[in-house]
>>> print(open('query_6.pdb').read())   # PDB, C-alpha atoms, pLDDT in the B column
ATOM      1  CA  MET A   1     -33.557-153.447  70.919  1.00 78.00           C
ATOM      2  CA  GLU A   2     -30.065-152.571  72.111  1.00 83.00           C
ATOM      3  CA  GLU A   3     -31.445-150.887  75.223  1.00 84.00           C
ATOM      4  CA  LEU A   4     -32.619-154.302  76.464  1.00 88.00           C
ATOM      5  CA  ILE A   5     -29.062-155.647  76.725  1.00 89.00           C
ATOM      6  CA  PRO A   6     -28.002-153.666  79.844  1.00 89.00           C
ATOM      7  CA  ILE A   7     -31.368-154.309  81.494  1.00 91.00           C
ATOM      8  CA  THR A   8     -31.122-158.037  80.805  1.00 93.00           C
ATOM      9  CA  MET A   9     -27.527-158.168  82.059  1.00 93.00           C
ATOM     10  CA  PHE A  10     -28.457-156.343  85.259  1.00 93.00           C
ATOM     11  CA  LEU A  11     -31.445-158.618  85.898  1.00 94.00           C
ATOM     12  CA  GLY A  12     -29.362-161.715  85.167  1.00 95.00           C
ATOM     13  CA  ALA A  13     -26.606-160.630  87.560  1.00 95.00           C
ATOM     14  CA  PHE A  14     -29.155-159.801  90.260  1.00 95.00           C
ATOM     15  CA  ALA A  15     -30.889-163.170  89.816  1.00 95.00           C
ATOM     16  CA  MET A  16     -27.543-164.989  90.023  1.00 96.00           C
ATOM     17  CA  VAL A  17     -26.481-163.245  93.252  1.00 95.00           C
ATOM     18  CA  PHE A  18     -29.935-163.716  94.768  1.00 95.00           C
ATOM     19  CA  GLY A  19     -29.974-167.405  93.814  1.00 95.00           C
ATOM     20  CA  ILE A  20     -26.531-168.044  95.295  1.00 95.00           C
ATOM     21  CA  ARG A  21     -27.472-166.341  98.571  1.00 95.00           C
ATOM     22  CA  TYR A  22     -30.830-168.140  98.704  1.00 95.00           C
ATOM     23  CA  LEU A  23     -29.298-171.588  98.141  1.00 94.00           C
ATOM     24  CA  SER A  24     -26.501-170.901 100.626  1.00 92.00           C
ATOM     25  CA  ASN A  25     -29.081-169.949 103.258  1.00 93.00           C
ATOM     26  CA  LYS A  26     -31.124-173.103 102.546  1.00 94.00           C
ATOM     27  CA  GLU A  27     -27.979-175.230 102.896  1.00 91.00           C
ATOM     28  CA  LYS A  28     -27.109-173.650 106.246  1.00 90.00           C
ATOM     29  CA  MET A  29     -30.678-174.100 107.523  1.00 92.00           C
ATOM     30  CA  ALA A  30     -30.607-177.781 106.532  1.00 91.00           C
ATOM     31  CA  MET A  31     -27.325-178.223 108.401  1.00 89.00           C
ATOM     32  CA  ILE A  32     -28.808-176.585 111.517  1.00 90.00           C
ATOM     33  CA  GLU A  33     -31.863-178.854 111.322  1.00 92.00           C
ATOM     34  CA  ARG A  34     -29.590-181.918 111.278  1.00 90.00           C
ATOM     35  CA  GLY A  35     -27.659-180.645 114.295  1.00 87.00           C
ATOM     36  CA  MET A  36     -24.524-179.704 112.406  1.00 85.00           C
ATOM     37  CA  ASP A  37     -22.590-176.477 112.794  1.00 81.00           C
ATOM     38  CA  PRO A  38     -22.704-174.593 109.464  1.00 79.00           C
ATOM     39  CA  GLY A  39     -19.449-172.764 110.217  1.00 75.00           C
ATOM     40  CA  MET A  40     -17.470-175.969 110.731  1.00 68.00           C
ATOM     41  CA  SER A  41     -17.213-176.961 107.077  1.00 60.00           C
ATOM     42  CA  LYS A  42     -15.241-173.876 106.112  1.00 59.00           C
ATOM     43  CA  SER A  43     -13.104-173.423 109.217  1.00 52.00           C
ATOM     44  CA  VAL A  44     -11.832-177.009 109.459  1.00 51.00           C
ATOM     45  CA  ALA A  45     -10.576-177.312 105.905  1.00 53.00           C
ATOM     46  CA  ALA A  46      -7.708-179.666 105.302  1.00 55.00           C
ATOM     47  CA  PRO A  47      -4.352-177.944 104.866  1.00 61.00           C
ATOM     48  CA  ARG A  48      -3.174-177.717 101.291  1.00 72.00           C
ATOM     49  CA  PRO A  49       0.606-177.374 101.420  1.00 75.00           C
ATOM     50  CA  PHE A  50       1.180-178.068  97.727  1.00 83.00           C
ATOM     51  CA  LEU A  51      -1.340-175.579  96.340  1.00 85.00           C
ATOM     52  CA  SER A  52       1.231-172.891  95.551  1.00 86.00           C
ATOM     53  CA  LEU A  53       3.525-175.506  93.971  1.00 88.00           C
ATOM     54  CA  LYS A  54       0.656-176.684  91.778  1.00 89.00           C
ATOM     55  CA  PHE A  55      -0.257-173.178  90.624  1.00 91.00           C
ATOM     56  CA  GLY A  56       3.391-172.250  90.151  1.00 91.00           C
ATOM     57  CA  LEU A  57       4.132-175.242  87.953  1.00 91.00           C
ATOM     58  CA  LEU A  58       0.895-174.682  86.033  1.00 91.00           C
ATOM     59  CA  LEU A  59       1.833-171.070  85.291  1.00 92.00           C
ATOM     60  CA  VAL A  60       5.401-172.028  84.357  1.00 93.00           C
ATOM     61  CA  GLY A  61       4.026-174.683  81.998  1.00 92.00           C
ATOM     62  CA  LEU A  62       1.639-172.178  80.431  1.00 92.00           C
ATOM     63  CA  GLY A  63       4.461-169.676  79.975  1.00 93.00           C
ATOM     64  CA  ILE A  64       6.725-172.253  78.334  1.00 93.00           C
ATOM     65  CA  GLY A  65       3.788-173.317  76.175  1.00 92.00           C
ATOM     66  CA  LEU A  66       3.229-169.741  74.988  1.00 92.00           C
ATOM     67  CA  ILE A  67       6.885-169.307  74.100  1.00 94.00           C
ATOM     68  CA  ALA A  68       7.013-172.665  72.312  1.00 92.00           C
ATOM     69  CA  ALA A  69       3.831-171.836  70.388  1.00 91.00           C
ATOM     70  CA  LEU A  70       5.251-168.468  69.365  1.00 91.00           C
ATOM     71  CA  PHE A  71       8.400-170.106  68.012  1.00 92.00           C
ATOM     72  CA  ALA A  72       6.409-172.850  66.268  1.00 90.00           C
ATOM     73  CA  ALA A  73       4.076-170.312  64.633  1.00 90.00           C
ATOM     74  CA  LYS A  74       6.948-168.076  63.487  1.00 90.00           C
ATOM     75  CA  LEU A  75       9.146-170.911  62.188  1.00 92.00           C
ATOM     76  CA  ASN A  76       6.340-172.476  60.150  1.00 91.00           C
ATOM     77  CA  ASN A  77       4.969-169.147  58.834  1.00 87.00           C
ATOM     78  CA  LEU A  78       1.451-170.002  59.965  1.00 87.00           C
ATOM     79  CA  THR A  79      -1.510-167.748  59.285  1.00 87.00           C
ATOM     80  CA  GLU A  80      -3.348-166.117  62.172  1.00 84.00           C
ATOM     81  CA  GLU A  81      -6.139-168.711  62.139  1.00 86.00           C
ATOM     82  CA  GLU A  82      -3.686-171.615  62.157  1.00 86.00           C
ATOM     83  CA  SER A  83      -1.536-170.107  64.888  1.00 88.00           C
ATOM     84  CA  VAL A  84      -4.534-169.782  67.241  1.00 90.00           C
ATOM     85  CA  ALA A  85      -4.928-173.559  67.237  1.00 89.00           C
ATOM     86  CA  VAL A  86      -1.202-173.983  67.878  1.00 90.00           C
ATOM     87  CA  TYR A  87      -1.347-171.580  70.825  1.00 91.00           C
ATOM     88  CA  PHE A  88      -4.280-173.368  72.459  1.00 91.00           C
ATOM     89  CA  GLY A  89      -2.720-176.767  71.836  1.00 93.00           C
ATOM     90  CA  PHE A  90       0.620-175.820  73.335  1.00 93.00           C
ATOM     91  CA  LEU A  91      -1.050-174.152  76.334  1.00 92.00           C
ATOM     92  CA  GLY A  92      -3.022-177.314  77.074  1.00 92.00           C
ATOM     93  CA  ILE A  93      -0.059-179.628  76.612  1.00 94.00           C
ATOM     94  CA  PHE A  94       2.454-177.657  78.662  1.00 94.00           C
ATOM     95  CA  GLY A  95      -0.105-176.720  81.351  1.00 92.00           C
ATOM     96  CA  GLY A  96      -0.934-180.425  81.686  1.00 93.00           C
ATOM     97  CA  ILE A  97       2.761-181.302  81.898  1.00 93.00           C
ATOM     98  CA  GLY A  98       3.135-178.767  84.725  1.00 92.00           C
ATOM     99  CA  LEU A  99       0.247-180.374  86.626  1.00 92.00           C
ATOM    100  CA  ILE A 100       1.677-183.868  86.073  1.00 93.00           C
ATOM    101  CA  ILE A 101       5.036-182.732  87.448  1.00 92.00           C
ATOM    102  CA  SER A 102       3.250-181.222  90.450  1.00 91.00           C
ATOM    103  CA  TYR A 103       1.448-184.530  91.040  1.00 91.00           C
ATOM    104  CA  ALA A 104       4.723-186.463  90.826  1.00 91.00           C
ATOM    105  CA  ILE A 105       6.395-184.162  93.355  1.00 90.00           C
ATOM    106  CA  GLU A 106       3.423-184.380  95.752  1.00 88.00           C
ATOM    107  CA  LYS A 107       3.224-188.183  95.454  1.00 89.00           C
ATOM    108  CA  ASN A 108       6.956-188.546  96.016  1.00 90.00           C
ATOM    109  CA  TRP A 109       6.794-186.395  99.149  1.00 87.00           C
ATOM    110  CA  ILE A 110       3.735-188.236 100.514  1.00 85.00           C
ATOM    111  CA  ASP A 111       5.418-191.615  99.915  1.00 89.00           C
ATOM    112  CA  LYS A 112       8.505-190.470 101.834  1.00 89.00           C
ATOM    113  CA  HIS A 113       6.490-188.994 104.736  1.00 83.00           C
ATOM    114  CA  PRO A 114       3.649-191.406 105.618  1.00 76.00           C
ATOM    115  CA  GLU A 115       1.816-189.772 108.504  1.00 71.00           C
TER     116      GLU A 115
END
>>> encode(input="query_6.pdb", output="structure tokens")
Amino acid sequence: MEELIPITMFLGAFAMVFGIRYLSNKEKMAMIERGMDPGMSKSVAAPRPFLSLKFGLLLVGLGIGLIAALFAAKLNNLTEEESVAVYFGFLGIFGGIGLIISYAIEKNWIDKHPE
């Protein structure tokens, strides 16, 4: 029975790659039929100047969340099962705070530079 696991994983991965390529090809053919250029959608992407700020603040928030969760788990002498919930909670809270700060910075900049 265990010998079926690698075979199933290989077939699943192959089917996934084949399906993605097949659907991508169908999408491009539909765009050509409608007179659109399939290469335009990827080459004319809007600039994203705040992307690195967003990821940076997210990672900083996650790091602070991990440290805060470590201190909270150690100070309260939590068991391993209880501390897992604290870690996930703090990661979500501080990661969300990082994204909210990123949004506030982006909105402030956009309000000051209406173009």
>>> axis_aligned_box(input="query_6.pdb", around="region 52-63 of chain A", padding_each_side="4 Å", output="JSON")
{"center_x": 2.6, "center_y": -173.2, "center_z": 87.8, "size_x": 13.7, "size_y": 15.0, "size_z": 23.6}
>>> closest_residue(input="query_6.pdb", among="A:Ala69, A:Met1, A:Met36, A:Ile100", to="Phe88 (chain A)", atoms="all atoms listed in the file")
A:Ala69
>>> residues_around(input="query_6.pdb", residues="Ala72 (chain A)", least_positions_apart="4", cutoff="12 Å", atoms="only C-alpha atoms", output="VMD selection string")
chain A and resid 65 to 68 76 to 79 82 to 87 89 to 90
>>> closest_atom_pairs(input="query_6.pdb", of="region 12-98 of chain A", to="region 102-109 of chain A", cutoff="9 Å", atoms="only C-alpha atoms", output="JSON lines")
{"residue": "A:Phe50", "atom": "CA", "partner": "A:Glu106", "partner_atom": "CA", "distance": 7.0}
{"residue": "A:Leu53", "atom": "CA", "partner": "A:Ser102", "partner_atom": "CA", "distance": 6.7}
{"residue": "A:Lys54", "atom": "CA", "partner": "A:Ser102", "partner_atom": "CA", "distance": 5.4}
{"residue": "A:Phe55", "atom": "CA", "partner": "A:Ser102", "partner_atom": "CA", "distance": 8.8}
{"residue": "A:Gly56", "atom": "CA", "partner": "A:Ser102", "partner_atom": "CA", "distance": 9.0}
{"residue": "A:Leu57", "atom": "CA", "partner": "A:Ser102", "partner_atom": "CA", "distance": 6.5}
{"residue": "A:Leu58", "atom": "CA", "partner": "A:Ser102", "partner_atom": "CA", "distance": 8.2}
{"residue": "A:Ile97", "atom": "CA", "partner": "A:Ser102", "partner_atom": "CA", "distance": 8.6}
{"residue": "A:Gly98", "atom": "CA", "partner": "A:Ser102", "partner_atom": "CA", "distance": 6.2}
>>> atom_distance(input="query_6.pdb", atom1="CA of Ala13 (chain A)", atom2="CA of Ile32 (chain A)")
28.9 Å
>>> atom_distance(input="query_6.pdb", atom1="CA of Met29 (chain A)", atom2="CA of Phe14 (chain A)")
22.5 Å
>>> atom_distance(input="query_6.pdb", atom1="CA of Asp37 (chain A)", atom2="CA of Phe18 (chain A)")
23.3 Å
